[in-house]
>>> print(open('input.cif').read())   # mmCIF, C-alpha atoms
data_target
loop_
_atom_site.label_atom_id
_atom_site.label_comp_id
_atom_site.auth_asym_id
_atom_site.auth_seq_id
_atom_site.Cartn_x
_atom_site.Cartn_y
_atom_site.Cartn_z
CA MET A 117 0.00 0.00 0.00
CA SER A 118 1.32 3.40 -0.92
CA THR A 119 2.07 6.13 1.60
CA ASP A 120 -0.75 8.32 0.26
CA GLU A 121 -3.35 5.56 0.67
CA SER A 122 -2.28 4.82 4.25
CA THR A 123 -2.45 8.51 5.10
CA ILE A 124 -5.99 8.73 3.73
CA GLU A 125 -7.08 5.70 5.73
CA GLU A 126 -5.62 7.21 8.91
CA THR A 127 -7.51 10.47 8.41
CA VAL A 128 -10.88 8.79 7.74
CA PRO A 129 -12.88 8.55 11.00
CA THR A 130 -13.42 5.01 12.17
CA GLU A 131 -16.92 3.62 12.36
CA GLY A 132 -18.52 4.39 15.69
CA VAL A 133 -16.83 7.76 16.29
CA LEU A 134 -19.92 9.70 15.17
CA PRO A 135 -22.36 7.74 17.36
CA ARG A 136 -20.04 8.16 20.37
CA THR A 137 -19.85 11.90 19.72
CA LYS A 138 -23.65 12.07 19.38
CA TYR A 139 -24.17 10.33 22.70
CA LEU A 140 -21.58 12.55 24.34
CA LEU A 141 -23.39 15.67 23.17
CA VAL A 142 -26.74 14.36 24.35
CA SER A 143 -25.47 13.12 27.69
CA TYR A 144 -25.00 16.54 29.29
CA PRO A 145 -28.53 17.94 28.68
CA ALA A 146 -29.99 14.53 29.55
CA LEU A 147 -28.04 14.45 32.82
CA THR A 148 -29.02 18.03 33.61
CA LEU A 149 -32.69 17.29 32.90
CA GLY A 150 -32.53 14.23 35.13
CA LEU A 151 -30.89 16.01 38.05
CA LEU A 152 -32.94 19.21 37.89
CA PHE A 153 -36.36 17.85 36.89
CA VAL A 154 -36.81 14.08 36.93
CA VAL A 155 -35.21 13.41 40.32
CA PRO A 156 -37.00 16.32 42.09
CA ALA A 157 -40.30 15.28 40.48
CA ILE A 158 -39.88 11.71 41.75
CA LEU A 159 -39.07 12.97 45.24
CA LEU A 160 -42.10 15.25 45.10
CA ILE A 161 -44.36 12.34 44.19
CA ILE A 162 -42.95 10.25 47.03
CA VAL A 163 -43.33 13.00 49.64
CA SER A 164 -46.91 13.67 48.55
CA PHE A 165 -47.87 10.28 50.01
CA PHE A 166 -46.17 10.91 53.37
CA ASN A 167 -48.05 11.66 56.60
CA ASN A 168 -48.00 15.18 57.96
CA VAL A 169 -46.93 15.74 61.56
CA GLU A 170 -47.99 18.81 63.51
CA GLY A 171 -45.18 21.28 63.99
CA GLY A 172 -43.84 21.36 60.45
CA PHE A 173 -42.58 17.80 60.13
CA PHE A 174 -43.63 14.71 58.23
CA GLU A 175 -43.06 11.01 58.61
CA VAL A 176 -42.41 8.36 56.01
CA GLY A 177 -45.49 6.37 55.09
CA PHE A 178 -48.15 5.93 52.47
CA THR A 179 -51.48 7.74 52.56
CA LEU A 180 -53.92 9.19 50.06
CA GLU A 181 -55.18 11.72 52.58
CA ASN A 182 -53.36 14.62 50.94
CA TYR A 183 -55.03 14.02 47.56
CA VAL A 184 -58.40 13.29 49.17
CA ARG A 185 -58.15 16.59 51.03
CA PHE A 186 -57.62 18.46 47.77
CA PHE A 187 -60.57 16.91 45.94
CA GLU A 188 -62.89 17.23 48.95
CA SER A 189 -61.92 20.83 49.73
CA GLU A 190 -64.01 23.41 47.88
CA LEU A 191 -61.38 26.06 48.62
CA TYR A 192 -58.57 24.29 46.78
CA ARG A 193 -60.79 23.14 43.92
CA ASN A 194 -61.99 26.71 43.41
CA ARG A 195 -58.43 28.01 43.56
CA MET A 196 -57.46 25.52 40.88
CA LEU A 197 -60.33 26.59 38.63
CA TYR A 198 -59.52 30.23 39.30
CA THR A 199 -55.87 29.61 38.36
CA LEU A 200 -56.94 27.96 35.10
CA ARG A 201 -59.30 30.84 34.23
CA LEU A 202 -56.63 33.41 35.01
CA GLY A 203 -54.11 31.56 32.88
CA ALA A 204 -56.59 31.29 29.99
CA LEU A 205 -57.44 35.00 30.17
CA THR A 206 -53.76 35.93 30.29
CA SER A 207 -52.97 33.68 27.32
CA LEU A 208 -55.80 34.98 25.14
CA THR A 209 -55.01 38.61 25.98
CA CYS A 210 -51.33 38.08 25.18
CA LEU A 211 -52.35 36.46 21.89
CA ALA A 212 -54.69 39.34 20.98
CA VAL A 213 -52.01 41.94 21.77
CA GLY A 214 -48.97 39.97 20.70
CA TYR A 215 -50.04 38.77 17.26
CA PRO A 216 -50.41 42.25 15.67
CA LEU A 217 -47.16 43.33 17.32
CA ALA A 218 -45.26 40.25 16.15
CA TYR A 219 -46.76 40.59 12.65
CA TYR A 220 -45.67 44.24 12.46
CA ILE A 221 -42.12 43.44 13.57
CA ALA A 222 -41.80 40.41 11.26
CA ARG A 223 -42.91 42.43 8.22
CA LEU A 224 -40.65 45.43 8.79
CA GLU A 225 -38.48 46.16 5.79
CA SER A 226 -35.70 47.65 7.90
CA GLU A 227 -33.50 45.02 9.56
CA LEU A 228 -32.19 47.68 11.95
CA TRP A 229 -35.64 48.54 13.29
CA ARG A 230 -36.55 44.87 13.52
CA ARG A 231 -33.51 44.17 15.66
CA LEU A 232 -34.21 47.24 17.76
CA TYR A 233 -37.76 46.14 18.54
CA LEU A 234 -36.63 42.61 19.34
CA SER A 235 -33.85 43.93 21.59
CA VAL A 236 -36.34 45.99 23.57
CA ILE A 237 -38.64 42.99 23.97
CA ILE A 238 -35.84 40.64 24.99
CA SER A 239 -34.31 43.16 27.37
CA SER A 240 -37.57 43.30 29.32
CA LEU A 241 -37.02 39.65 30.24
CA PHE A 242 -33.87 40.60 32.16
CA LEU A 243 -35.98 42.27 34.84
CA THR A 244 -37.32 39.95 37.53
CA PHE A 245 -41.01 39.46 38.25
CA ILE A 246 -40.61 41.32 41.54
CA ILE A 247 -39.28 44.49 39.92
CA ARG A 248 -41.95 44.50 37.21
CA GLY A 249 -44.66 43.70 39.73
CA PHE A 250 -43.70 46.58 42.01
CA ALA A 251 -43.41 48.87 38.98
CA TRP A 252 -47.06 48.17 38.08
CA GLN A 253 -48.00 48.57 41.72
CA VAL A 254 -46.69 52.14 41.56
CA LEU A 255 -48.37 52.86 38.21
CA LEU A 256 -51.75 51.52 39.39
CA ALA A 257 -51.62 53.02 42.87
CA SER A 258 -53.85 55.86 44.03
CA LYS A 259 -53.09 58.98 41.98
CA GLY A 260 -50.71 56.91 39.88
CA LEU A 261 -50.17 57.38 36.17
CA VAL A 262 -52.79 54.85 35.01
CA PRO A 263 -55.70 56.05 37.25
CA GLN A 264 -54.97 59.66 36.29
CA LEU A 265 -54.92 58.76 32.59
CA LEU A 266 -58.22 56.88 32.90
CA MET A 267 -59.81 59.86 34.65
CA PHE A 268 -58.45 62.21 31.98
CA LEU A 269 -60.04 60.05 29.28
CA GLY A 270 -63.33 60.04 31.14
CA LEU A 271 -63.25 56.31 31.87
CA ARG A 272 -63.16 56.83 35.63
CA GLY A 273 -64.53 59.45 37.97
CA ASP A 274 -61.61 59.49 40.40
CA THR A 275 -57.98 58.44 40.77
CA SER A 276 -58.54 55.68 43.29
CA ALA A 277 -56.06 52.81 43.26
CA LEU A 278 -56.50 49.84 40.95
CA VAL A 279 -54.16 47.73 43.04
CA PRO A 280 -54.58 45.32 44.70
CA GLY A 281 -57.25 43.80 42.50
CA TYR A 282 -58.05 41.35 39.75
CA LEU A 283 -57.58 43.91 36.94
CA ALA A 284 -54.16 44.88 38.27
CA LEU A 285 -53.16 41.21 38.39
CA VAL A 286 -54.25 40.58 34.81
CA ILE A 287 -52.42 43.68 33.57
CA GLY A 288 -49.25 42.66 35.38
CA MET A 289 -49.36 39.09 34.08
CA VAL A 290 -50.01 40.17 30.49
CA TYR A 291 -47.09 42.59 30.69
CA VAL A 292 -44.76 39.92 32.11
CA PHE A 293 -45.67 37.10 29.69
CA LEU A 294 -46.29 39.13 26.52
CA PRO A 295 -42.63 38.93 25.36
CA PHE A 296 -42.82 35.11 25.32
CA MET A 297 -45.87 35.28 23.07
CA VAL A 298 -44.38 37.90 20.75
CA LEU A 299 -41.08 36.04 20.29
CA THR A 300 -42.85 32.75 19.56
CA LEU A 301 -45.24 34.33 17.06
CA PHE A 302 -42.48 36.38 15.45
CA THR A 303 -40.56 33.23 14.53
CA SER A 304 -43.68 31.62 13.09
CA ILE A 305 -44.75 34.66 11.08
CA ARG A 306 -41.23 35.27 9.77
CA ASP A 307 -41.09 31.73 8.35
CA VAL A 308 -44.24 32.23 6.24
CA ASP A 309 -43.37 32.18 2.55
CA ARG A 310 -44.20 35.66 1.26
CA SER A 311 -44.70 34.31 -2.25
CA LEU A 312 -47.83 32.48 -1.08
CA GLU A 313 -49.36 35.75 0.09
CA GLU A 314 -48.40 37.44 -3.16
CA ALA A 315 -50.00 34.60 -5.10
CA SER A 316 -53.19 35.00 -3.11
CA ARG A 317 -53.33 38.72 -3.88
CA SER A 318 -52.57 38.12 -7.55
CA LEU A 319 -55.61 35.82 -7.68
CA GLY A 320 -57.83 38.65 -6.49
CA ALA A 321 -57.92 38.08 -2.73
CA GLY A 322 -57.86 41.16 -0.53
CA PRO A 323 -55.53 41.70 2.44
CA LEU A 324 -58.04 40.37 4.99
CA THR A 325 -58.85 37.30 2.90
CA THR A 326 -55.15 36.62 2.36
CA PHE A 327 -54.47 36.89 6.07
CA LYS A 328 -57.41 34.64 6.95
CA GLU A 329 -56.81 31.97 4.32
CA VAL A 330 -53.01 31.99 4.03
CA THR A 331 -51.10 33.73 6.83
CA LEU A 332 -53.21 32.67 9.79
CA PRO A 333 -53.27 28.92 8.97
CA LEU A 334 -49.52 28.91 8.31
CA THR A 335 -48.87 30.44 11.74
CA LYS A 336 -51.10 27.95 13.56
CA ASN A 337 -48.17 26.22 15.22
CA GLY A 338 -46.83 29.52 16.53
CA ILE A 339 -50.24 30.45 17.93
CA ILE A 340 -50.66 27.13 19.71
CA SER A 341 -47.08 27.08 21.00
CA GLY A 342 -47.20 30.67 22.26
CA THR A 343 -50.58 30.20 23.90
CA MET A 344 -49.48 27.00 25.63
CA LEU A 345 -46.24 28.59 26.78
CA VAL A 346 -47.96 31.60 28.34
CA PHE A 347 -50.71 29.43 29.83
CA VAL A 348 -48.25 27.05 31.51
CA LEU A 349 -46.15 29.92 32.85
CA SER A 350 -49.28 31.61 34.19
CA LEU A 351 -50.28 28.53 36.16
CA GLY A 352 -47.08 28.61 38.20
CA VAL A 353 -46.85 32.34 38.86
CA TYR A 354 -46.34 33.17 42.54
CA VAL A 355 -44.94 36.68 42.95
CA LEU A 356 -47.45 38.71 40.93
CA PRO A 357 -50.60 37.55 42.79
CA ARG A 358 -48.92 38.41 46.09
CA ILE A 359 -47.94 41.89 44.90
CA LEU A 360 -50.87 42.92 42.69
CA GLY A 361 -53.78 40.82 43.94
CA ASN A 362 -55.97 40.47 46.98
CA PRO A 363 -56.04 37.18 48.92
CA SER A 364 -59.10 36.30 46.84
CA ASP A 365 -56.92 36.66 43.73
CA TRP A 366 -54.19 34.30 44.90
CA THR A 367 -53.44 31.37 42.62
CA LEU A 368 -52.83 27.76 43.59
CA ALA A 369 -49.07 28.38 43.51
CA VAL A 370 -49.46 30.91 46.33
CA LEU A 371 -51.44 28.39 48.39
CA ILE A 372 -48.71 25.81 47.81
CA GLY A 373 -46.16 28.27 49.14
CA GLN A 374 -48.33 28.90 52.20
CA GLN A 375 -48.70 25.19 52.92
CA VAL A 376 -44.95 24.63 52.80
CA GLY A 377 -43.61 27.89 54.22
CA ILE A 378 -46.28 28.89 56.75
CA GLN A 379 -48.36 25.83 57.60
CA GLY A 380 -45.38 23.49 57.42
CA ASN A 381 -47.50 20.84 55.68
CA VAL A 382 -44.95 19.64 53.16
CA PRO A 383 -46.81 16.47 52.04
CA PHE A 384 -49.99 18.40 51.24
CA GLY A 385 -47.99 21.08 49.44
CA ALA A 386 -46.31 18.31 47.43
CA ALA A 387 -49.71 16.81 46.57
CA LEU A 388 -50.96 20.20 45.35
CA SER A 389 -47.81 20.54 43.26
CA ILE A 390 -48.35 17.12 41.68
CA VAL A 391 -51.93 18.04 40.80
CA LEU A 392 -50.72 21.26 39.16
CA LEU A 393 -47.90 19.41 37.40
CA THR A 394 -50.37 16.84 36.07
CA ILE A 395 -52.54 19.59 34.62
CA VAL A 396 -49.50 21.19 32.96
CA ALA A 397 -48.48 17.83 31.44
CA THR A 398 -52.03 17.31 30.16
CA ILE A 399 -52.05 20.74 28.54
CA LEU A 400 -48.72 20.05 26.82
CA GLY A 401 -50.02 16.70 25.60
CA VAL A 402 -53.18 18.26 24.17
CA GLY A 403 -51.15 21.01 22.53
CA ARG A 404 -48.79 18.49 20.97
CA TYR A 405 -51.77 16.59 19.61
CA PHE A 406 -53.15 19.71 17.90
CA LEU A 407 -49.73 20.56 16.51
CA GLY A 408 -49.66 17.20 14.77
CA ASP A 409 -46.50 16.12 13.00
CA ASP A 410 -44.83 19.48 13.61
CA GLY A 411 -45.36 19.26 17.36
CA GLY A 412 -41.81 18.21 18.09
CA ASP A 413 -40.43 21.23 16.26
CA ALA A 414 -42.83 23.78 17.70
CA ILE A 415 -42.71 22.85 21.38
#
>>> encode(input="input.cif", output="structure tokens")
Amino acid sequence: MSTDESTIEETVPTEGVLPRTKYLLVSYPALTLGLLFVVPAILLIIVSFFNNVEGGFFEVGFTLENYVRFFESELYRNRMLYTLRLGALTSLTCLAVGYPLAYYIARLESELWRRLYLSVIISSLFLTFIIRGFAWQVLLASKGLVPQLLMFLGLRGDTSALVPGYLALVIGMVYVFLPFMVLTLFTSIRDVDRSLEEASRSLGAGPLTTFKEVTLPLTKNGIISGTMLVFVLSLGVYVLPRILGNPSDWTLAVLIGQQVGIQGNVPFGAALSIVLLTIVATILGVGRYFLGDDGGDAI
């Protein structure tokens, strides 16, 4: 064998190198997912069946009392339904506000302005929920900017505070989760083939018909993904209800925090968490079903 042929054979990767590299790349995120999600979830399930002991302790055992308490308690069932309604309202409002905004940004001719808008939206995510919650608390407080503006427009007769209250909570949650909706929809709208819209117009369809028959169906995955993302995030929100809402506006996540941090009933708090986690998993499963074959790419 010549020297050139032996050199070529030495430089050609041996069979099995690529699979080993693939597994090596996958191992780190898989290990991280296992340590940060799977293991804590298993521990949470186990603790949810433990017995509670007065004084903030629990003992190892097996009981269904924690789950029975949830389903028999009207308070916790109502809080769960309230949390779902609040999440649905937040998701639909973010969709109604976010779709026109994402469509406008995606169809900008100037790349500079597009990047500027996206930078502003992304930069808002760097602020924590606490800072944004207290910011809206100031804006919605008595004689704050929002009450004064509403009175100036004739929508209110005084400048009384809007916070704490349900409206303040919805406004705060929409503001916090709107960037997630806009970024998801922006990607979906940007990927729409513009030639399809031009073909629709060339066949005599107007702008509204083109949007309804072409653009909207092609962005279905973005709509479902963004709505599911905001809805799931809304179910687990804890800080905003405490800052902007009354006790009657507290979500199930707040009650879970009270059970663990104040009542010291860790098993019952774990059971509530498992119920909430089960609902989230069901929502993701339903959303993946509606996304169809593209579900793996969109979620």
>>> atom_distance(input="input.cif", atom1="atom CA of A:Ile238", atom2="atom CA of A:Leu332")
24.4 Å
>>> residues_around(input="input.cif", residues="A:Arg248", least_positions_apart="2", cutoff="12 Å", atoms="all atoms listed in the file", output="list of chain:residue names")
A:Ser240, A:Leu241, A:Phe242, A:Leu243, A:Thr244, A:Phe245, A:Ile246, A:Phe250, A:Ala251, A:Trp252, A:Gln253, A:Val254, A:Leu255, A:Leu285, A:Ile287, A:Gly288, A:Met289, A:Val290, A:Tyr291, A:Val292, A:Phe293, A:Val355, A:Leu356, A:Ile359, A:Leu360
>>> write_last_selection(input="input.cif", atoms="C-alpha atoms", output="tab-separated table (two decimals), keeping the file's coordinate frame")
chain	number	residue	atom	x	y	z
A	240	SER	CA	-37.57	43.30	29.32
A	241	LEU	CA	-37.02	39.65	30.24
A	242	PHE	CA	-33.87	40.60	32.16
A	243	LEU	CA	-35.98	42.27	34.84
A	244	THR	CA	-37.32	39.95	37.53
A	245	PHE	CA	-41.01	39.46	38.25
A	246	ILE	CA	-40.61	41.32	41.54
A	250	PHE	CA	-43.70	46.58	42.01
A	251	ALA	CA	-43.41	48.87	38.98
A	252	TRP	CA	-47.06	48.17	38.08
A	253	GLN	CA	-48.00	48.57	41.72
A	254	VAL	CA	-46.69	52.14	41.56
A	255	LEU	CA	-48.37	52.86	38.21
A	285	LEU	CA	-53.16	41.21	38.39
A	287	ILE	CA	-52.42	43.68	33.57
A	288	GLY	CA	-49.25	42.66	35.38
A	289	MET	CA	-49.36	39.09	34.08
A	290	VAL	CA	-50.01	40.17	30.49
A	291	TYR	CA	-47.09	42.59	30.69
A	292	VAL	CA	-44.76	39.92	32.11
A	293	PHE	CA	-45.67	37.10	29.69
A	355	VAL	CA	-44.94	36.68	42.95
A	356	LEU	CA	-47.45	38.71	40.93
A	359	ILE	CA	-47.94	41.89	44.90
A	360	LEU	CA	-50.87	42.92	42.69
>>> closest_atom_pairs(input="input.cif", of="stretch 253-318 of chain A", to="stretch 218-227 of chain A", cutoff="10 Å", atoms="only C-alpha atoms", output="Markdown table")
| residue | atom | partner | partner_atom | distance |
| --- | --- | --- | --- | --- |
| A:Pro295 | CA | A:Ala218 | CA | 9.7 |
| A:Met297 | CA | A:Ala218 | CA | 8.5 |
| A:Val298 | CA | A:Ala218 | CA | 5.2 |
| A:Leu299 | CA | A:Ala218 | CA | 7.2 |
| A:Thr300 | CA | A:Ala218 | CA | 8.6 |
| A:Leu301 | CA | A:Ala218 | CA | 6.0 |
| A:Phe302 | CA | A:Ala218 | CA | 4.8 |
| A:Thr303 | CA | A:Ala222 | CA | 8.0 |
| A:Ser304 | CA | A:Ala222 | CA | 9.2 |
| A:Ile305 | CA | A:Tyr219 | CA | 6.5 |
| A:Arg306 | CA | A:Ala222 | CA | 5.4 |
| A:Asp307 | CA | A:Ala222 | CA | 9.2 |
| A:Val308 | CA | A:Ala222 | CA | 9.9 |
| A:Arg310 | CA | A:Arg223 | CA | 9.8 |
>>> closest_residue(input="input.cif", among="A:Ile399, A:Ala386, A:Leu312, A:Leu393", to="A:Val163", atoms="only C-alpha atoms")
A:Ala386
>>> atom_distance(input="input.cif", atom1="atom CA of A:Val348", atom2="atom CA of A:Lys336")
18.2 Å
>>> resolve_selection(input="input.cif", expression="the PyMOL selection byres ((chain A and resi 206) around 8)", output="list of chain:residue names")
A:Leu202, A:Gly203, A:Ala204, A:Leu205, A:Ser207, A:Leu208, A:Thr209, A:Cys210, A:Val286, A:Met289, A:Val290, A:Val346, A:Phe347, A:Ser350
>>> residues_around(input="input.cif", residues="A:Asn168", least_positions_apart="3", cutoff="8 Å", atoms="all atoms listed in the file", output="list in words")
Gly172, Phe173, Phe174, Glu175, Asn381, Val382, Pro383 and Phe384 of chain A
>>> write_last_selection(input="input.cif", atoms="C-alpha atoms", output="tab-separated table (two decimals), in the frame of the given file")
chain	number	residue	atom	x	y	z
A	172	GLY	CA	-43.84	21.36	60.45
A	173	PHE	CA	-42.58	17.80	60.13
A	174	PHE	CA	-43.63	14.71	58.23
A	175	GLU	CA	-43.06	11.01	58.61
A	381	ASN	CA	-47.50	20.84	55.68
A	382	VAL	CA	-44.95	19.64	53.16
A	383	PRO	CA	-46.81	16.47	52.04
A	384	PHE	CA	-49.99	18.40	51.24
>>> resolve_selection(input="input.cif", expression="the PyMOL selection byres ((chain A and resi 178) around 6)", output="list in words")
Phe165, Phe166, Gly177 and Thr179 of chain A
>>> write_last_selection(input="input.cif", atoms="C-alpha atoms", output="compact mmCIF listing (two decimals), in the frame of the given file")
# COMPACT_ATOMS: atom_id res chain seq x y z
CA PHE A 165 -47.87 10.28 50.01
CA PHE A 166 -46.17 10.91 53.37
CA GLY A 177 -45.49 6.37 55.09
CA THR A 179 -51.48 7.74 52.56
>>> residues_near_point(input="input.cif", point="(-45.6, 27.9, 21.1)", cutoff="8 Å", atoms="only C-alpha atoms", output="ChimeraX atom specification")
/A:297,300-301,337-345,414-415
>>> resolve_selection(input="input.cif", expression="the PyMOL selection byres ((chain A and resi 280) around 6)", output="PyMOL selection string")
chain A and resi 279+281+360-362
>>> atom_distance(input="input.cif", atom1="atom CA of A:Tyr282", atom2="atom CA of A:Leu197")
15.0 Å
>>> axis_aligned_box(input="input.cif", around="stretch 266-278 of chain A", padding_each_side="6 Å", output="lines of an AutoDock Vina configuration file")
center_x = -60.3
center_y = 56.0
center_z = 36.3
size_x = 20.5
size_y = 24.4
size_z = 26.0
>>> closest_residue(input="input.cif", among="A:Tyr233, A:Tyr405, A:Phe187, A:Tyr354", to="A:Trp366", atoms="all atoms listed in the file")
A:Tyr354
>>> closest_residue(input="input.cif", among="A:Ser164, A:Ser189, A:Ser364, A:Val169", to="A:Gly380", atoms="only C-alpha atoms")
A:Val169
>>> build_atoms(input="input.cif", residues="stretch 254-265 of chain A", atoms="N, CA and C atoms", output="CSV table (one decimal), keeping the file's coordinate frame")
chain,number,residue,atom,x,y,z
A,254,VAL,N,-46.8,50.7,41.5
A,254,VAL,CA,-46.7,52.1,41.6
A,254,VAL,C,-47.6,52.8,40.5
A,255,LEU,N,-47.6,52.3,39.3
A,255,LEU,CA,-48.4,52.9,38.2
A,255,LEU,C,-49.9,52.8,38.5
A,256,LEU,N,-50.3,51.7,39.2
A,256,LEU,CA,-51.8,51.5,39.4
A,256,LEU,C,-52.2,52.0,40.7
A,257,ALA,N,-51.3,52.6,41.5
A,257,ALA,CA,-51.6,53.0,42.9
A,257,ALA,C,-52.5,54.3,42.8
A,258,SER,N,-53.0,54.7,44.0
A,258,SER,CA,-53.8,55.9,44.0
A,258,SER,C,-53.1,57.1,43.5
A,259,LYS,N,-53.7,57.8,42.6
A,259,LYS,CA,-53.1,59.0,42.0
A,259,LYS,C,-51.9,58.6,41.1
A,260,GLY,N,-51.8,57.3,40.8
A,260,GLY,CA,-50.7,56.9,39.9
A,260,GLY,C,-51.0,57.3,38.4
A,261,LEU,N,-50.1,57.0,37.6
A,261,LEU,CA,-50.2,57.4,36.2
A,261,LEU,C,-51.4,56.8,35.5
A,262,VAL,N,-51.7,55.5,35.7
A,262,VAL,CA,-52.8,54.8,35.0
A,262,VAL,C,-54.1,55.4,35.5
A,263,PRO,N,-54.4,55.5,36.8
A,263,PRO,CA,-55.7,56.0,37.2
A,263,PRO,C,-55.9,57.5,36.8
A,264,GLN,N,-54.8,58.3,36.8
A,264,GLN,CA,-55.0,59.7,36.3
A,264,GLN,C,-55.3,59.7,34.8
A,265,LEU,N,-54.7,58.8,34.0
A,265,LEU,CA,-54.9,58.8,32.6
A,265,LEU,C,-56.3,58.3,32.3
